[in-house]
Structure formats: C-alpha cells, structure tokens
Amino acid sequence: MTGLPDERIALKHGTGGRAMRSLVERVFVQGFDAAPGGGIGLKEMDDGAALRVGDRWLVLTTDSHVIHPIFFPGGDIGRLAVAGTVNDLAMMGATEVLALTSAVIVEEGFSSADLERIQRSMQAACREAGAPVVAGDTKVMGRREIDGIVISTTGVALTDRVVTDRGLRPGDVLLVTGTIGDHGLAILAARHGLALEGTLGSDVAPLNGLVRAALAAGGEAVVAMKDPTRGGVASALHEMAAKSGVGIVLDETAVPVSDAARAAAELVGIDPLHVANEGKALLGVRPEAAERVLAALRAHPLGADAALVGRAVAERPGSVILDTGVGRRLLAEPDGELMPRIC
Amino acid sequence: MSAPSREAQARQLRFRDPAEARALAARIAQLTEQIGRDPVAVMHVCGSHEQAIARFGLRAVFPKALDVIMGPGCPVCVTDVPEIDEALALAEAGVRVATYGDILRVRGSSRSLADAKAAGARVEVVYSVTQAVELARASEGPLVFFATGFETTAVATAAALLAGTPPNFSVLSAHKYIPPAMEIVAEMPDTRVEGFLAAGHAATITGARVFEAFAARHRLPVVVAGFEPLDVLAGLARLLELVRDGRAEVANMYPRCVTREGNRVAQEQLWRVFRPMGGCWRGIAHVPNGNLRLRDEWAHVDARRRFDIDLAPLRADAPSGLLRQCRCGDIRAGLARPSDCALFGRACTADAPVGACMVSSEGTCRIWAQYGGHPDLETEAQQ
Amino acid sequence: MCLGVPGRVIEIDGLLATVDFWGVRRQVRLDVVDEPVAAGDYVLNHVGFAIRRIHESEIETTLALYEQLLREADEDDLMAADVRGEVEASAKRRDKKGQ
C-alpha cells in the first residue's frame, strides 16, 4: 500500500533526501486532502504552508527535533527547535513571526536542570527572532520508550508576498548567506569524538532578520528561497532545480567553507555540501538584483560571508552540476545516513 | 584554527589551483591530439586515484579521445569469496573478528560479515591494526584481525606484528600485491591500455623501481602520481608524452613522497613478515604472486594455521539472481564502466549494494555513485 | 584510508607521534618511516602509520616540476607550429606546380 519494497521504515527515510521525499509523498501527500482555496500545502512540499486570509497570506509550518547530542558546540536542541521553525517561515517570505508553539516529549529520568537549560536557550532564540511561544504541550514517556527528549514547534506568520522554492528561471543567480557545513560537521565531530583544534560549532540561528534585509533590498527579484538543513545544500538545490524546472550550475570554489569545516570534512571524507546547516539560506535572485541583495546580506551580522555561488540554466532540468574549479561533475544528493570514513 | 594548520591547508590546496589545472588539461588535450589515436586508453590501479578523478570531475576536462580507465585498484573489491568465507566461518564459530569497515558488507558465498554481525557475531570495525591489537590486549579469548588492503596497508600489519602482539591475537591475511595485477592486465589479449598511472602511496613504500622491469617487458610507460588534482593531471600529461614518444619508461611525478628506492625500512618489515603467493582476485581469476600471506616463521600468529576453518556450511546457498547480472569483474579489469552495468544506480546502490565494487569506498561503482553517477560528464558550453 | 593530507608532528613519545591534520589530531606510529622524525616535521599517514617524512622543499620542487611540464608544452607548440608551417609551405608549392 505504501509502495515501500519491504514495508519497513528505515533511518534513511528521515535524512532529508530522496528516500524521505518519496515516503512523504506516498504516505502523507497523497493521503491528505489538498490545501483550501488554492493555497500552498502538502503537495508543494515547500518549507511551509501558505493560506489566503483576506488580502494577506497566513504562513504555517511545523517541525520535530530529535537531535543527538542535545547539547552540542554552538547550540542545543532548544535553540534548534526555535530557529528551525522561524527559518522555515522566513524561507516562505514570512519574517514577522506571530507566534510559536512548543510540544515537548521527555523520557522518564531526563534531568530537570537540562530541561530548564533547554528552555532558557529557546527563550533566548525567541527574543532574537521576536517570536513568542504562546502555547505548548508536555508529555513524559517511560524510560527507553523515547530517546531523551523530542521537541516539536509550530510557527505562524502573516505576509503580503509568499516566496516559494520553485521560482527559478534560467539566468537567475543563487546566493548563499554564509559558510556551509558548520552544523552537520560539528555534530559529526562531536558524535565521533574527533579531536579538533578549537571547536567547530553549529551555526544554528534564527534568520528572519537577515531575510528581512534581503527582501527589503531585492523585493520581487528574490524569486526562490530554501534553507539547506538535512541533506545539505545538495538536497536543497536539487529540490529547487526540480520544482523550478531548471538546471543549476554550482561553483564549488565560490561556496564559503570555514577552514575548520574544510579540515573536518576532508578528514572524515564527507562533503560539506551534503551536511545540514541550521543558520544559512539559499536565495534565488534575478541577476539584475544580485549585487544589491548580496550587499544587504553582507551588511547584516549573520550574512558577513554571503556569496554568489551558482546560477540557474535551461539545460538538464532538475540536475545540479558542480564546477569544482578543476573539472565538472553532477552533484549527488546524499541518500541515507552519512557514513564518515574515519582514519 | 592555528596559523600552522592554516598554512598546511593552504599549501595542500595549491595542488587544486584552477588556473594550473586548466593549463595541464590543455596540455593533455594537445598530447592526445598529437598521439592521434581515438581512443587513447590509459589505466590507473588505485581507488584513491579514481576518487580524485571523480570527486573533482576531471573526466569532464579530459579530451573525448582519452579514456582513463580504473583497473583492479580496489583491494576490498578483489578480496575473493573464499577469503570472506574464512572470516565469516571464524565469526560464526564465536571468534571475535576485527577488520577495516569497508569489507563488512561484501558478501562471500552467501552472506557478509555485516549479516553475521546483525545475527550476533562479534565483528568489530577498526581504523588501524593497532586498534585491533589493543582490543586483543584488553580482552580474553581469541581475536582475529581480518587484514585487507594492498601492500601499503600490509606494511602496517607487518609493523604491528614485529612490534609484538598478545598471544590471543592472530591475523587472517587477505592482503594483495598490486604489481602482479598490472601484469595480468597488460597480458590480457583484448587490452588496449597504452600506459599506466601507478599509485603514489604504494610506490612510497616499494619505490618507483618496482615498475622498471614491467615497463621494459611490456613496453608500456608507467608514471607514478599523487592524489591531488594537479598531481593526477600532471601525471597523465607526463604519461601521454611517453606514450606519444613511444618511450616505455618509468617516470616519478610524485617526488615529494616517492623515490626510486622507496622506503627500505618499510620494505624490509613487509617482506620479513609476508611472502607473495598466487591466488584468485575476485572477478579476475588467478594472479600469480598477487596475494600476501604470512611467512612460515609467523605461523604462530596465522589464523589459518591456528584455527581449523571449515568453509563447507557457507557454500550452501546459491548466489542471488542479481549477482549473476553484476558486472564487477569486468569493471575491476577495466573492461566496462559502472554505467555499462544494468544494475548500476537501480538495483545496485550504495545503500543496497549487489557487488563488491559498490560496497567499498574505493570501488569504481561506489565512487561513481557518490560523485553524481556519471563523473564522465561532458563539458557544457559556458553560459 | 586517509587520502594523502600530510600531517604536522606535534609531539613524539617513543614510536608514537601526535600528528595534526589541518587542526584535527591523530595518533600515528613511527615504526616504518625511514628517516628520523621530529616535532614540526610533516609526515604522510596510512592507516595510522607514518610512511614517509615529507620535506617541505619538495612541495616547491613538485610545483616546479609541473611548471616545467607546461614550459615543455610551449616549446612543443612552437615546434608544432614550425612543422605546420613547413607542411603548408610545401603544399602551396605543390599547388603552384600543379597549375
């Protein structure tokens, strides 16, 4: 019925790549009714949903967070839970967050002090984003019935204009708001006990302020947005390319990567383009507006390393070609758990 | 990040300089044209070379008439069915087996070490033979190190044994020796290979001289090359020069790591512990002197002599239908590309591999799948 | 199997070295390296064993080697241009004779 060959969910179905999209499509998208009034709903599988309310759009999104370790260099599950949802709203063009909800499921035996530390971190992120938590839920499950803690957040916002992830046309350029690979590689390093000089830290941060600045500068010339979370820049670009019906050429030498991330990536044999980012966005922009949007990004503290990294082309719609500087190849999407090659 | 680390990174990245790469690629195109044949086929025998080529998309900048083929350069891929079965038999008999991660999912007659592990066998992944020795030291009961890899990796196994290992430690050697495989390829009747790119790290150990007799006998040039893009491109350019001029010589284009004599200390340790023996490489049949086995003096740490390994129970199951369609053998010998196999990217993926070439991180199929499926992408016109 | 990133030796304890790879630290054994190794030296690592000490000067030597290859290409080009010139000239002479 689900069409899955062996009828069992595997870990790869949660990693943000092809397998997950396939599962979501078959089980959920086809199973539920479409969004009312021609809004943006499940079918579009965009960062959020958008529903017409009067002459504005109500943008709505939800996310569950199950990350381990729950406290990592640069952040924690609480900050992630707030930033992740705020950013999904921002990626739809909705930067003025009305409210968030927070549903928490905790394992019996979880530390109270840790729970409070997580809440404080959420509050700090809420302040940064100007997004209050107004409703929530709390559940406790028995020992080993759940792993530590799961936080689900939902966010709502109103906006005049919705930006999808499918608005690219050949000739449009792609901007990235900063260094790539920090979050995913920091988590991998923490999980595998990689002894790094200094610490590679997650970039987790609410981006609505940064996106506000970009939209103020670019307006309708900002035609597509997506944040490269699970599956990395590679997955996000594949989705944008496929949904827009364009090919994308990505200039690897232009993609900003910190020295520390580059080192970790090289040593564990994982591509920074394949790992999650939690404080970065990809913007598709009409070429004539590229410079002013880039300038606006760079003027903002979270966008100092913003760069023009690619362009949309008519050839090979749905494919992403990587220009490595010394050659060219197709950029693959990660499909499944990333297996580091530790040596 | 500290200044010295940053400097070291910057120095290494000079070997990825786009302008230099473009110049070398132009040189390669020029030489291919001067040679005048279509195709001109050259072969490399190292998974790390294929990774460099695929990762950086170098085939897109090679001229159409140049065919850079990957030969049998993946040690995991050529580890034969009986060798896997030996490790499996031990694991399923309750012996603790430690090995490098790649070999885990390669099937023997019917199943893999990963299958055995999932069923409760004590199979551990290690990143170094030293780690396996430490595991043995820290525990009771026998521990067998299932040693895969070419001669560069065998050096590590030899060094570990020479440094002294605890009595419960033994080695099941599936190590392989690359130069004999080059002979096999050069002697294949339908071979069109006009020159070889030799692996820089193996040559760091053996020295460039190990290829001199081969070059003379087969009248084929051999160039030793490193693994950064400029290393590969410069190595290929040099090789094509030799092909063009009909010079069956050995050229060392990796002097920062390779000398003519190689690392004598490592060689001495290697040959003190191992001797070459003929054996089967998966999919390539018999390779004289292609396997490295423990010398008689090391019988006391040889798992094959310590244990009575019974392979009969493992031969029961027939190979799956999919395996019959698997073209790994041809791919390893450089006679086919992954994209020539009907299973590639469809029934055979990195997540659900059929053949060994898709299991190992140095297997051609796995490398191609990782880097976009078709790293022989044609150059597109600039927009 | 670490792909050829040379590591910088931080400290040595007998045959065990702490080596830094672009800011990532690893333990590497010195049993099979064929030269004395000291802190500050660069080594090539393979499965936890240093197999070669890399002399920094050799990086420049290598890059110079690649430059040399390209310079020879330019000379080749000039030669090729000469040959082409000859061929064209003799073709012209043949055509003239044929008229």
# chains A, B, ... in the order shown; residues from 1 in each chain; ligands from 1
>>> closest_atom_pairs(of="chain A", to="chain B", cutoff="6 Å", atoms="only C-alpha atoms", output="tab-separated table")
residue	atom	partner	partner_atom	distance
A:Thr324	CA	B:Phe56	CA	5.6
A:Gly325	CA	B:Pro18	CA	5.1
A:Val326	CA	B:Pro18	CA	5.0
A:Gly327	CA	B:Gly57	CA	4.5
A:Arg328	CA	B:Gly57	CA	4.4
A:Arg329	CA	B:Gly57	CA	4.7
A:Leu330	CA	B:Gly372	CA	4.5
A:Leu331	CA	B:Gly372	CA	5.1
A:Ala332	CA	B:Gly372	CA	4.3
A:Cys343	CA	B:Tyr127	CA	5.6
>>> write_last_selection(atoms="C-alpha atoms", output="PDB file, in the first residue's frame")
ATOM      1  CA  THR A 324      34.948  22.031  -8.984  1.00  0.00           C
ATOM      2  CA  GLY A 325      37.325  24.630 -10.390  1.00  0.00           C
ATOM      3  CA  VAL A 326      39.454  21.886 -11.913  1.00  0.00           C
ATOM      4  CA  GLY A 327      36.615  19.955 -13.553  1.00  0.00           C
ATOM      5  CA  ARG A 328      32.868  19.377 -13.567  1.00  0.00           C
ATOM      6  CA  ARG A 329      30.540  16.654 -12.412  1.00  0.00           C
ATOM      7  CA  LEU A 330      26.987  16.094 -11.308  1.00  0.00           C
ATOM      8  CA  LEU A 331      26.391  16.855  -7.648  1.00  0.00           C
ATOM      9  CA  ALA A 332      24.788  13.853  -5.991  1.00  0.00           C
ATOM     10  CA  CYS A 343      41.009   7.269   9.564  1.00  0.00           C
TER      11      CYS A 343
END
>>> closest_atom_pairs(of="chain C", to="chain A", cutoff="10 Å", atoms="only C-alpha atoms", output="Markdown table")
| residue | atom | partner | partner_atom | distance |
| --- | --- | --- | --- | --- |
| C:Met1 | CA | A:Cys343 | CA | 5.6 |
| C:Cys2 | CA | A:Cys343 | CA | 5.6 |
| C:Leu3 | CA | A:Leu267 | CA | 8.3 |
| C:Val5 | CA | A:Leu267 | CA | 8.3 |
| C:Asp20 | CA | A:Glu197 | CA | 8.7 |
| C:Phe21 | CA | A:Ala263 | CA | 7.5 |
| C:Trp22 | CA | A:Ala263 | CA | 5.4 |
| C:Gly23 | CA | A:Glu197 | CA | 4.8 |
| C:Val24 | CA | A:Leu196 | CA | 4.5 |
| C:Arg25 | CA | A:Ala195 | CA | 5.5 |
| C:Arg26 | CA | A:Ala195 | CA | 7.6 |
| C:Asn45 | CA | A:Cys343 | CA | 9.4 |
| C:His46 | CA | A:Cys343 | CA | 8.4 |
| C:Val47 | CA | A:Cys343 | CA | 6.4 |
| C:Gly48 | CA | A:Cys343 | CA | 7.4 |
>>> write_last_selection(atoms="N, CA and C atoms", output="short mmCIF file (atom, residue, chain, number, x, y, z; two decimals), in the first residue's frame")
data_model
loop_
_atom_site.label_atom_id
_atom_site.label_comp_id
_atom_site.auth_asym_id
_atom_site.auth_seq_id
_atom_site.Cartn_x
_atom_site.Cartn_y
_atom_site.Cartn_z
N MET C 1 41.01 4.99 4.96
CA MET C 1 42.38 5.23 4.49
C MET C 1 42.55 6.71 4.19
N CYS C 2 43.25 7.42 4.98
CA CYS C 2 43.43 8.86 4.80
C CYS C 2 44.02 9.18 3.44
N LEU C 3 43.35 10.02 2.69
CA LEU C 3 43.88 10.42 1.39
C LEU C 3 44.94 11.46 1.59
N VAL C 5 46.63 13.71 2.99
CA VAL C 5 46.84 15.02 3.59
C VAL C 5 48.02 14.90 4.54
N ASP C 20 49.03 16.50 13.66
CA ASP C 20 47.94 17.42 13.38
C ASP C 20 47.67 17.48 11.88
N PHE C 21 46.40 17.19 11.51
CA PHE C 21 45.99 17.29 10.10
C PHE C 21 45.02 18.46 9.99
N TRP C 22 45.52 19.61 9.57
CA TRP C 22 44.67 20.79 9.40
C TRP C 22 43.84 21.09 10.65
N GLY C 23 44.38 20.84 11.82
CA GLY C 23 43.65 21.15 13.05
C GLY C 23 42.98 19.94 13.68
N VAL C 24 43.04 18.78 13.04
CA VAL C 24 42.49 17.56 13.61
C VAL C 24 43.65 16.69 14.08
N ARG C 25 43.58 16.22 15.33
CA ARG C 25 44.72 15.48 15.89
C ARG C 25 44.52 13.98 15.80
N ARG C 26 45.59 13.29 15.49
CA ARG C 26 45.54 11.82 15.39
C ARG C 26 46.83 11.25 15.94
N ASN C 45 50.55 9.81 6.27
CA ASN C 45 49.97 8.80 7.14
C ASN C 45 49.17 7.77 6.33
N HIS C 46 49.31 6.51 6.67
CA HIS C 46 48.46 5.48 6.05
C HIS C 46 48.04 4.52 7.14
N VAL C 47 46.72 4.37 7.34
CA VAL C 47 46.13 3.56 8.41
C VAL C 47 46.89 3.63 9.74
N GLY C 48 47.21 4.83 10.14
CA GLY C 48 47.79 5.03 11.47
C GLY C 48 49.29 4.86 11.55
#
>>> interface_residues(of="chain B", to="chain C", cutoff="9 Å", atoms="only C-alpha atoms", output="ChimeraX atom specification")
/B:1-2,4-9,11-12,14-15,20,23-24,27,30-31,48,127-130,152-153,155-156,159-160,163,201,204-205,226-228,230-231,234,237-238,253-258,263-267,269
>>> atom_distance(atom1="atom CA of A:Asn208", atom2="atom CA of A:Ala306")
15.4 Å
>>> closest_residue(among="A:Leu185, A:Leu210, A:Leu42, A:Met141", to="A:Glu108", atoms="only C-alpha atoms")
A:Met141
>>> residues_around(residues="stretch 28-41 of chain A", least_positions_apart="5", cutoff="7 Å", atoms="only C-alpha atoms", output="MDAnalysis selection string")
chainID A and resid 49:52
>>> select_by_dssp(residues="stretch 14-69 of chain C", states="strand (DSSP E)", output="ChimeraX atom specification")
/C:16-21,24-29,42-46,49-54
>>> write_last_selection(atoms="C-alpha atoms", output="JSON list (two decimals), in the first residue's frame")
[["chain", "number", "residue", "atom", "x", "y", "z"],
["C", 16, "LEU", "CA", 54.03, 7.16, 18.84],
["C", 17, "ALA", "CA", 53.52, 10.63, 17.40],
["C", 18, "THR", "CA", 50.66, 13.07, 17.88],
["C", 19, "VAL", "CA", 50.07, 14.48, 14.43],
["C", 20, "ASP", "CA", 47.94, 17.42, 13.38],
["C", 21, "PHE", "CA", 45.99, 17.29, 10.10],
["C", 24, "VAL", "CA", 42.49, 17.56, 13.61],
["C", 25, "ARG", "CA", 44.72, 15.48, 15.89],
["C", 26, "ARG", "CA", 45.54, 11.82, 15.39],
["C", 27, "GLN", "CA", 47.97, 9.31, 16.88],
["C", 28, "VAL", "CA", 50.37, 7.96, 14.26],
["C", 29, "ARG", "CA", 53.03, 5.27, 14.69],
["C", 42, "TYR", "CA", 55.38, 16.70, 8.07],
["C", 43, "VAL", "CA", 54.54, 13.04, 7.53],
["C", 44, "LEU", "CA", 52.35, 11.03, 5.19],
["C", 45, "ASN", "CA", 49.97, 8.80, 7.14],
["C", 46, "HIS", "CA", 48.46, 5.48, 6.05],
["C", 49, "PHE", "CA", 51.42, 4.62, 10.38],
["C", 50, "ALA", "CA", 53.71, 7.34, 9.03],
["C", 51, "ILE", "CA", 55.13, 6.00, 5.75],
["C", 52, "ARG", "CA", 57.21, 8.99, 4.71],
["C", 53, "ARG", "CA", 58.60, 12.24, 6.03],
["C", 54, "ILE", "CA", 57.67, 14.96, 3.57]]
>>> atom_distance(atom1="atom CA of B:Gly36", atom2="atom CA of B:Val185")
23.4 Å
>>> residues_around(residues="stretch 89-97 of chain B", least_positions_apart="6", cutoff="6 Å", atoms="only C-alpha atoms", output="number ranges by chain")
B: 121-123, 143-145
>>> select_by_dssp(residues="stretch 172-209 of chain A", states="helix (DSSP H, G or I)", output="list in words")
Asp182, His183, Gly184, Leu185, Ala186, Ile187, Leu188, Ala189, Ala190, Arg191, Asn208 and Gly209 of chain A
>>> write_last_selection(atoms="C-alpha atoms", output="compact mmCIF listing (two decimals), in the first residue's frame")
# COMPACT_ATOMS: atom_id res chain seq x y z
CA ASP A 182 29.26 24.04 10.12
CA HIS A 183 26.28 22.44 11.87
CA GLY A 184 26.43 18.97 10.31
CA LEU A 185 30.18 18.66 10.64
CA ALA A 186 30.14 19.94 14.24
CA ILE A 187 27.57 17.27 15.12
CA LEU A 188 29.54 14.54 13.31
CA ALA A 189 32.73 15.62 15.04
CA ALA A 190 31.01 15.63 18.44
CA ARG A 191 29.45 12.20 17.80
CA ASN A 208 14.24 36.17 9.84
CA GLY A 209 16.14 39.42 10.42
>>> closest_residue(among="B:Glu140, B:Asp330, B:Glu50, B:Asp85", to="B:Leu311", atoms="only C-alpha atoms")
B:Asp85
>>> atom_distance(atom1="atom CA of B:Arg111", atom2="atom CA of B:Arg324")
15.3 Å
>>> residues_around(residues="A:Leu158", least_positions_apart="5", cutoff="7 Å", atoms="only C-alpha atoms", output="number ranges by chain")
A: 56-59, 94, 96
>>> write_last_selection(atoms="C-alpha atoms", output="PDB file, in the first residue's frame")
ATOM      1  CA  ARG A  56      -2.597  38.544   3.010  1.00  0.00           C
ATOM      2  CA  TRP A  57      -1.105  35.105   3.423  1.00  0.00           C
ATOM      3  CA  LEU A  58      -1.004  33.125   6.648  1.00  0.00           C
ATOM      4  CA  VAL A  59       2.159  31.067   6.636  1.00  0.00           C
ATOM      5  CA  ALA A  94       7.262  35.471   6.285  1.00  0.00           C
ATOM      6  CA  GLU A  96       7.374  38.755  11.119  1.00  0.00           C
TER       7      GLU A  96
END
>>> residues_around(residues="stretch 271-280 of chain A", least_positions_apart="6", cutoff="7 Å", atoms="only C-alpha atoms", output="PDB file with C-alpha atoms, in the first residue's frame")
ATOM      1  CA  GLY A  84      14.327  25.765  12.640  1.00  0.00           C
ATOM      2  CA  THR A 177      24.107  33.630   3.176  1.00  0.00           C
ATOM      3  CA  GLY A 178      27.319  32.308   4.761  1.00  0.00           C
ATOM      4  CA  ILE A 180      28.428  25.903   4.658  1.00  0.00           C
ATOM      5  CA  GLY A 181      28.689  22.662   6.627  1.00  0.00           C
ATOM      6  CA  ASP A 182      29.265  24.041  10.122  1.00  0.00           C
ATOM      7  CA  HIS A 183      26.281  22.443  11.873  1.00  0.00           C
ATOM      8  CA  GLY A 184      26.426  18.973  10.306  1.00  0.00           C
ATOM      9  CA  LEU A 185      30.180  18.658  10.642  1.00  0.00           C
ATOM     10  CA  ASP A 203      25.623  27.823  13.045  1.00  0.00           C
ATOM     11  CA  VAL A 204      22.116  27.435  14.465  1.00  0.00           C
ATOM     12  CA  ALA A 205      20.409  30.842  14.451  1.00  0.00           C
ATOM     13  CA  PRO A 206      17.074  32.470  13.551  1.00  0.00           C
ATOM     14  CA  LEU A 207      17.390  34.070  10.118  1.00  0.00           C
ATOM     15  CA  ASP A 227      17.281  26.668   3.873  1.00  0.00           C
ATOM     16  CA  PRO A 228      19.750  23.802   3.399  1.00  0.00           C
ATOM     17  CA  THR A 229      19.008  21.733   6.514  1.00  0.00           C
ATOM     18  CA  ARG A 230      19.117  17.926   6.438  1.00  0.00           C
ATOM     19  CA  GLY A 231      20.542  16.815   3.124  1.00  0.00           C
ATOM     20  CA  GLY A 232      22.577  19.996   2.896  1.00  0.00           C
ATOM     21  CA  VAL A 233      23.000  22.434   0.043  1.00  0.00           C
ATOM     22  CA  ALA A 234      22.974  19.476  -2.369  1.00  0.00           C
ATOM     23  CA  ALA A 265      35.222  17.347   6.028  1.00  0.00           C
ATOM     24  CA  PRO A 334      23.104  12.283  -0.090  1.00  0.00           C
TER      25      PRO A 334
END
